[in-house]
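Shown next, in structure tokens, is the structure this report addresses.
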Amino acid sequence: MRNLFFAIFAMMIFSSLPAIAEQDLSDKADTVYTSAHEITLAQDEDITITGGGIVWMKLNVEGSGFLKLRLIGEQISSARMDVYDENAELLGRAEEVDGAQEVKVDARVIYTYYIRLSGQRIKGIARLKLSSELEPPPPDYEVPADAVSLQFNVPTKGHVTSIENKWFKLSIPKSAQGKYVVVDLEGKNQDADIDLVMTDMKGYQLSGSSSQYRFERVFSEIPEDRKVALNVFVYQPAGEEAQKTLESDFVFRAYTMAQPPIGPFAPNLPTSFTEIEPEQKMSGMIQGNSVWYHYYIGDTGTLQINFEGEGLQIEVLADDGSSIFEGRAEAEQMNIDCDANQYSHFYLNVSGSGQYSFTGHLLSTPAALEDNGSLDENINSDNAGKIETEENIPSPDEKIIPTLTILFNKSDAERFEIISPLSSFCIGPSGKIIIISKGNIFDLVSKSFLTNTGKVEDCVYSPDGALLAICGKKLGYYAGGNIQEELTLPSAEMNMAAGDKGLFLFGGKGWSAKSLYFIERSRGYTKICDMPSSIKSAAVNGDTLFFSVENDIYRLAFGKEISLVVRVPGPAITSLAVSNDGTVFFLAGRTLYSYKNATANLIAENIGDIIRWHNSGLYILDTKNISLLRFENFE
């Protein structure tokens with residue numbers, strides 16, 4: 001039964017390939033790949049092909065770049081060379097170049113290749129030679145030769161528009177001490193979101209900013225030639241704003257540091273300070289000067305600072321430069337509460353003349369959720385990090401064979417003009433399916449695109465039926481052919497999971513990728529917790545959120561602690577969904593599992609990338625093979 005299921009699935013995948021690829025694989029059996037002759041990169045191979053014969057080879061590539069294969073020899077024009085991945089997807093076909101067959105494939109993501117040499121048109125026997133090499137990838141950017149020279153450690157003014165970006169080149173003096181080069185930028189127009197990218201002089205990206213809207217920071221280890229290039233541009237939002245030309249003056253400064261800078265750039269944050277921990281008592285004496293201290297809080301709750309120092313001036317800043325507290329200490333002990341649900345870094349400045357002492361304590365109650373009247377019970381994540389595993393996933397001895405419906409395949413996608421890359425999809429209360437195709441919203445019911453901005457990254461339906469979408473760092477709702485932006489998010493490239501009580505936000509770029517947020521339309525977002533690694537996926541069932549971090553699935557229920565549900569060996573979990581009865585479905589390395597009552601079942605292998613649950617069915621989007629499936633009847 002299981003073999004029949006996979007045969008049906010394989011037929012669906014192969015039928016979605018172009019006709020020429022279908023012919024290429026007509027000879028392929030399950031043993032073709034396993035019996036392929038393994039070859040070594042950069043080692044020439046002598047190959048003999050008889051007329052009408054086929055030779056398969058396997059090549060593993062360690063590194064990043066473009067794999068170049070070159071085939072030479074007699075009757076080379078009668079031979080054919082194709083390159084496939086492990087899923088039988090055609091990656092490239094060789095063409096004749098200077099009396100040889102050549103093909104290049106992108107080796108930055110895929111590392112295992114299967115090379116098919118066909119002698120269908122060869123007469124007699126042909127002796128050929130195959131060479132392979134890894135070429136560096138092309139530059140990410142083209143640095144113009146006339147880029148303006150930027151002075152080192154000198155504030156430099158500039159002007160940028162959403163129509164034209166600006167390039168600068170920087171030579172780091174040999175006298176500048178430090179291992180890292182850092183560039184901070186402050187935009188002057190609050191309506192223009194300026195971004196900043198650092199590359200080497202060839203255009204290969206070294207770092208990009210984790211956007212703070214007006215304030216940006218990039219840094220990298222200093223290249224050997226001590227030269228970098230900087231690209232300044234305005235992020236162009238979606239919707240009606242896309243028709244406007246945004247522009248802004250800006251000021252930025254390049255300098256060096258011995259260690260990587262902490263957190264994003266904000267002009268009022270200190271560049272030098274003393275690192276301290278909660279429960280560590282600090283004391284000292286100052287005479288008309290000031291001193292800075294820094295707390296890093298990797299957990300949720302409230303950082304309460306108990307300060308004593310009559311008449312001294314105190315200032316506390318968060319990691320984005322926001323002011324938490326500013327005032328003068330009185331004779332009695334002063335308590336300063338800092339919300340560690342929203343921020344991870346806190347900077348304390350003491351100035352004036354006199355003696356002082358203070359101690360920070362991390363309180364377990366999430367201060368940002370205490371007064372949240374819309375939540376029935378507060379989320380208590382005090383014991384996150386002290387969680388207990390319910391049970392490690394067992395060997396999937398029992399297989400589930402559900403019924404399968406193909407909603408569309410590659411040929412359907414071409415007819416509907418659903419264009420790769422596909423990044424996400426969601427299902428509405430009435431069953432309407434929305435797919436994000438090349439940054440636009442595609443309605444599978446009407447078979448039409450609802451937007452044409454190319455900026456949408458994720459979407460979800462709210463409980464009241466509104467279609468919500470993320471465009472860059474903006475969250476909005478779809479109406480009248482546009483995304484009406486409502487809320488600025490902590491980072492770009494974030495994802496959402498919707499529940500009855502609100503919206504959960506996770507993922508993104510930089511420091512926010514490890515954070516989980518809760519959103520209410522009237523209140524904005526509140527950080528719930530920070531995890532050890534990036535949060536990759538999440539799904540809501542009733543009042544319970546399930547989310548994945550590396551190989552772990554966690555549960556967060558309102559009024560309860562965060563707990564570890566299951567730990568999966570092997571590839572990381574990239575997508576999960578939860579059925580009405582609480583069964584957790586998850587993808588790990590394109591293999592689909594179910595988990596319930598401490599029992600795991602393997603459902604299918606090489607099945608897709610993103611899963612969603614709706615009513616009684618599990619929907620699976622395969623962004624690689626461009627298909628959408630629905631599984632039902634799991635019992």
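Residues in the structure tokens are named by chain (A, B, ... in the order shown) and by number from 1 within that chain; ligands are numbered from 1 in the order shown.
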
Mind checking which residues fall within 8 Å of Pro137 (chain A), counting only C-alpha atoms, ignoring those fewer than 2 positions away in the same chain, and posting them as a PDB file with all heavy atoms, in the first residue's frame?
```pdb
ATOM      1  N   SER A  64      30.672  26.447  -2.033  1.00  0.00           N
ATOM      2  CA  SER A  64      29.590  27.301  -2.511  1.00  0.00           C
ATOM      3  C   SER A  64      30.047  27.999  -3.774  1.00  0.00           C
ATOM      4  O   SER A  64      31.112  28.612  -3.807  1.00  0.00           O
ATOM      5  CB  SER A  64      29.214  28.333  -1.441  1.00  0.00           C
ATOM      6  OG  SER A  64      28.171  29.154  -1.894  1.00  0.00           O
ATOM      7  N   GLY A  65      29.242  27.890  -4.803  1.00  0.00           N
ATOM      8  CA  GLY A  65      29.593  28.537  -6.053  1.00  0.00           C
ATOM      9  C   GLY A  65      28.771  27.953  -7.182  1.00  0.00           C
ATOM     10  O   GLY A  65      27.612  27.568  -6.991  1.00  0.00           O
ATOM     11  N   PHE A  66      29.361  27.864  -8.385  1.00  0.00           N
ATOM     12  CA  PHE A  66      28.686  27.286  -9.537  1.00  0.00           C
ATOM     13  C   PHE A  66      29.482  26.093 -10.037  1.00  0.00           C
ATOM     14  O   PHE A  66      30.685  26.190 -10.283  1.00  0.00           O
ATOM     15  CB  PHE A  66      28.529  28.335 -10.644  1.00  0.00           C
ATOM     16  CG  PHE A  66      27.329  29.212 -10.455  1.00  0.00           C
ATOM     17  CD1 PHE A  66      27.308  30.187  -9.465  1.00  0.00           C
ATOM     18  CD2 PHE A  66      26.206  29.039 -11.237  1.00  0.00           C
ATOM     19  CE1 PHE A  66      26.202  30.989  -9.280  1.00  0.00           C
ATOM     20  CE2 PHE A  66      25.087  29.835 -11.060  1.00  0.00           C
ATOM     21  CZ  PHE A  66      25.076  30.815 -10.083  1.00  0.00           C
ATOM     22  N   ARG A 108      25.145  26.616  -4.702  1.00  0.00           N
ATOM     23  CA  ARG A 108      25.122  27.290  -3.399  1.00  0.00           C
ATOM     24  C   ARG A 108      24.092  26.695  -2.455  1.00  0.00           C
ATOM     25  O   ARG A 108      24.148  26.932  -1.256  1.00  0.00           O
ATOM     26  CB  ARG A 108      24.850  28.786  -3.589  1.00  0.00           C
ATOM     27  CG  ARG A 108      26.007  29.535  -4.221  1.00  0.00           C
ATOM     28  CD  ARG A 108      25.671  30.977  -4.518  1.00  0.00           C
ATOM     29  NE  ARG A 108      24.643  31.075  -5.550  1.00  0.00           N
ATOM     30  CZ  ARG A 108      24.231  32.236  -6.049  1.00  0.00           C
ATOM     31  NH1 ARG A 108      24.735  33.372  -5.615  1.00  0.00           N
ATOM     32  NH2 ARG A 108      23.302  32.278  -6.983  1.00  0.00           N
ATOM     33  N   GLU A 135      33.269  26.978  -9.645  1.00  0.00           N
ATOM     34  CA  GLU A 135      33.592  28.378  -9.878  1.00  0.00           C
ATOM     35  C   GLU A 135      32.931  29.234  -8.803  1.00  0.00           C
ATOM     36  O   GLU A 135      31.863  28.892  -8.286  1.00  0.00           O
ATOM     37  CB  GLU A 135      33.115  28.808 -11.258  1.00  0.00           C
ATOM     38  CG  GLU A 135      33.802  28.085 -12.407  1.00  0.00           C
ATOM     39  CD  GLU A 135      33.331  28.582 -13.751  1.00  0.00           C
ATOM     40  OE1 GLU A 135      32.282  29.270 -13.799  1.00  0.00           O
ATOM     41  OE2 GLU A 135      34.015  28.315 -14.751  1.00  0.00           O
ATOM     42  N   PRO A 139      29.112  38.111  -8.221  1.00  0.00           N
ATOM     43  CA  PRO A 139      28.958  39.093  -7.137  1.00  0.00           C
ATOM     44  C   PRO A 139      27.491  39.382  -6.852  1.00  0.00           C
ATOM     45  O   PRO A 139      26.639  39.285  -7.737  1.00  0.00           O
ATOM     46  CB  PRO A 139      29.682  40.340  -7.691  1.00  0.00           C
ATOM     47  CG  PRO A 139      30.592  39.824  -8.748  1.00  0.00           C
ATOM     48  CD  PRO A 139      29.901  38.635  -9.341  1.00  0.00           C
TER      49      PRO A 139
END
```

>> Please list as a list in words every residue within 9 Å of Lys438 (chain A), counting only C-alpha atoms and excluding residues in the same chain fewer than 3 positions away.
In response: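 Counting only the stated atoms, we get Ile418, Ile419, Ser420, Pro421, Leu422, Ser423, Ile441, Gly454, Lys455, Val456 and Glu457 of chain A.
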
>> Can you pull out the residues contacting Leu134 (chain A)? Cut-off 8 Å, using only C-alpha atoms, and skip same-chain residues under 2 positions away; I want them as a ChimeraX atom specification.
In response: /A:41-42,63-68,132,136

Go ahead and dump the residues you just picked, N, CA, C and O atoms, as a short mmCIF file (atom, residue, chain, number, x, y, z; two decimals), in the first residue's frame.
```cif
data_model
loop_
_atom_site.label_atom_id
_atom_site.label_comp_id
_atom_site.auth_asym_id
_atom_site.auth_seq_id
_atom_site.Cartn_x
_atom_site.Cartn_y
_atom_site.Cartn_z
N LEU A 41 35.08 15.73 -7.41
CA LEU A 41 35.18 17.07 -7.98
C LEU A 41 36.62 17.37 -8.38
O LEU A 41 37.56 17.02 -7.67
N ALA A 42 36.77 18.01 -9.55
CA ALA A 42 38.07 18.45 -10.08
C ALA A 42 38.97 17.29 -10.49
O ALA A 42 40.17 17.47 -10.65
N GLY A 63 31.23 23.08 -0.81
CA GLY A 63 31.63 24.45 -1.11
C GLY A 63 30.44 25.22 -1.62
O GLY A 63 29.31 24.72 -1.67
N SER A 64 30.67 26.45 -2.03
CA SER A 64 29.59 27.30 -2.51
C SER A 64 30.05 28.00 -3.77
O SER A 64 31.11 28.61 -3.81
N GLY A 65 29.24 27.89 -4.80
CA GLY A 65 29.59 28.54 -6.05
C GLY A 65 28.77 27.95 -7.18
O GLY A 65 27.61 27.57 -6.99
N PHE A 66 29.36 27.86 -8.38
CA PHE A 66 28.69 27.29 -9.54
C PHE A 66 29.48 26.09 -10.04
O PHE A 66 30.69 26.19 -10.28
N LEU A 67 28.79 24.95 -10.16
CA LEU A 67 29.42 23.73 -10.64
C LEU A 67 29.46 23.78 -12.17
O LEU A 67 28.41 23.88 -12.82
N LYS A 68 30.68 23.68 -12.73
CA LYS A 68 30.85 23.67 -14.18
C LYS A 68 31.31 22.28 -14.61
O LYS A 68 32.30 21.76 -14.13
N SER A 132 35.24 18.55 -14.07
CA SER A 132 34.34 19.29 -13.18
C SER A 132 35.15 20.27 -12.34
O SER A 132 36.27 19.97 -11.93
N PRO A 136 33.55 30.36 -8.45
CA PRO A 136 32.92 31.23 -7.44
C PRO A 136 31.60 31.79 -7.95
O PRO A 136 31.44 31.99 -9.16
#
```

>> One number please: CA of Ser534 (chain A) to CA of Asp320 (chain A), in Å, one decimal.
In response: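 Straight-line distance from CA of Ser534 (chain A) to CA of Asp320 (chain A) works out to 20.1 Å.
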
>> Which residues are near Val228 (chain A)? Cut-off 7 Å, only C-alpha atoms, ignore same chain within fewer than 4 positions. Put them as a PyMOL selection string.
In response: chain A and resi 169-171+198-201

> Within 7 Å of Leu487 (chain A), counting only C-alpha atoms, which residues qualify if same-chain residues fewer than 4 places away don't, as an NGL selection string?
Replying inline: :A and (474-476)

Atoms to include: N, CA, C and O atoms. Write the selected residues as an mmCIF file, in the first residue's frame.
```
data_model
loop_
_atom_site.group_PDB
_atom_site.id
_atom_site.type_symbol
_atom_site.label_atom_id
_atom_site.label_comp_id
_atom_site.auth_asym_id
_atom_site.auth_seq_id
_atom_site.Cartn_x
_atom_site.Cartn_y
_atom_site.Cartn_z
ATOM 1 N N LYS A 474 6.502 45.682 7.338
ATOM 2 C CA LYS A 474 5.164 46.202 7.585
ATOM 3 C C LYS A 474 4.141 45.071 7.606
ATOM 4 O O LYS A 474 4.175 44.156 6.782
ATOM 5 N N LEU A 475 3.206 45.161 8.557
ATOM 6 C CA LEU A 475 2.072 44.259 8.617
ATOM 7 C C LEU A 475 0.829 45.034 8.222
ATOM 8 O O LEU A 475 0.593 46.143 8.723
ATOM 9 N N GLY A 476 0.044 44.489 7.313
ATOM 10 C CA GLY A 476 -1.176 45.162 6.889
ATOM 11 C C GLY A 476 -2.237 44.163 6.513
ATOM 12 O O GLY A 476 -2.082 42.951 6.686
#
```

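Closest approach to Ser515 (chain A) from the set A:Asp299, A:Glu224, A:Asp106, A:Glu414 is made by A:Asp299, with distances taken over only C-alpha atoms.
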
>> I'd like to know which of A:Lys104, A:Ile54, A:Val160, A:Lys527 is closest to Ala126 (chain A), using only C-alpha atoms.
In response: A:Ile54

Set the distance at 7 Å and use only C-alpha atoms: which residues neighbour Lys157 (chain A) once local chain neighbours fewer than 5 positions away are removed? I'd like the list as a short mmCIF file (atom, residue, chain, number, x, y, z; two decimals) with all heavy atoms, in the first residue's frame.
```cif
data_model
loop_
_atom_site.label_atom_id
_atom_site.label_comp_id
_atom_site.auth_asym_id
_atom_site.auth_seq_id
_atom_site.Cartn_x
_atom_site.Cartn_y
_atom_site.Cartn_z
N PHE A 250 21.06 61.72 4.98
CA PHE A 250 21.55 60.76 5.97
C PHE A 250 22.97 61.15 6.36
O PHE A 250 23.67 61.89 5.66
CB PHE A 250 21.52 59.33 5.43
CG PHE A 250 22.39 59.08 4.24
CD1 PHE A 250 23.72 58.71 4.38
CD2 PHE A 250 21.88 59.24 2.96
CE1 PHE A 250 24.53 58.49 3.28
CE2 PHE A 250 22.68 59.01 1.84
CZ PHE A 250 24.01 58.64 2.00
N VAL A 251 23.38 60.63 7.52
CA VAL A 251 24.75 60.81 8.02
C VAL A 251 25.25 59.44 8.44
O VAL A 251 24.54 58.72 9.15
CB VAL A 251 24.81 61.79 9.22
CG1 VAL A 251 26.22 61.86 9.76
CG2 VAL A 251 24.32 63.17 8.81
N PHE A 252 26.45 59.08 8.01
CA PHE A 252 26.99 57.82 8.50
C PHE A 252 28.49 57.94 8.76
O PHE A 252 29.16 58.86 8.28
CB PHE A 252 26.65 56.65 7.58
CG PHE A 252 27.23 56.66 6.19
CD1 PHE A 252 27.40 55.48 5.51
CD2 PHE A 252 27.60 57.83 5.55
CE1 PHE A 252 27.91 55.45 4.22
CE2 PHE A 252 28.12 57.82 4.27
CZ PHE A 252 28.27 56.62 3.61
#
```

>> For a quick check of understanding, using only C-alpha atoms, which of A:Pro571, A:Gly298, A:Gly311, A:Gly508 has the smallest distance to Ile286 (chain A)?
In response: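 So, comparing all the options, the nearest one is A:Gly311.
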
>> Quick one: residues within 12 Å of Ser207 (chain A), only C-alpha atoms, excluding same-chain residues fewer than 6 positions away - as a list in words?
In response: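 Residues near the query, excluding close chain neighbours: Asp140, Tyr180, Val181, Val182, Val183, Asp195, Leu196, Val197, Met198, Thr199, Asp200, Glu216, Arg217, Val218, Phe219, Ser220, Glu221, Ile222, Val228, Ala229, Leu230, Asn231, Lys509 and Gly510 of chain A.
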
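Distances here use only C-alpha atoms; by that measure, the residue among A:Ile434, A:Ile535, A:Ile336, A:Ile39 closest to Lys58 (chain A) is A:Ile39.
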
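Note that the spacing between CA of Leu450 (chain A) and CA of Leu576 (chain A) amounts to 26.5 Å.
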
>> Rounded to one decimal, what separation in Å do you get between CA of Asp146 (chain A) and CA of His159 (chain A)?
In response: 16.4 Å
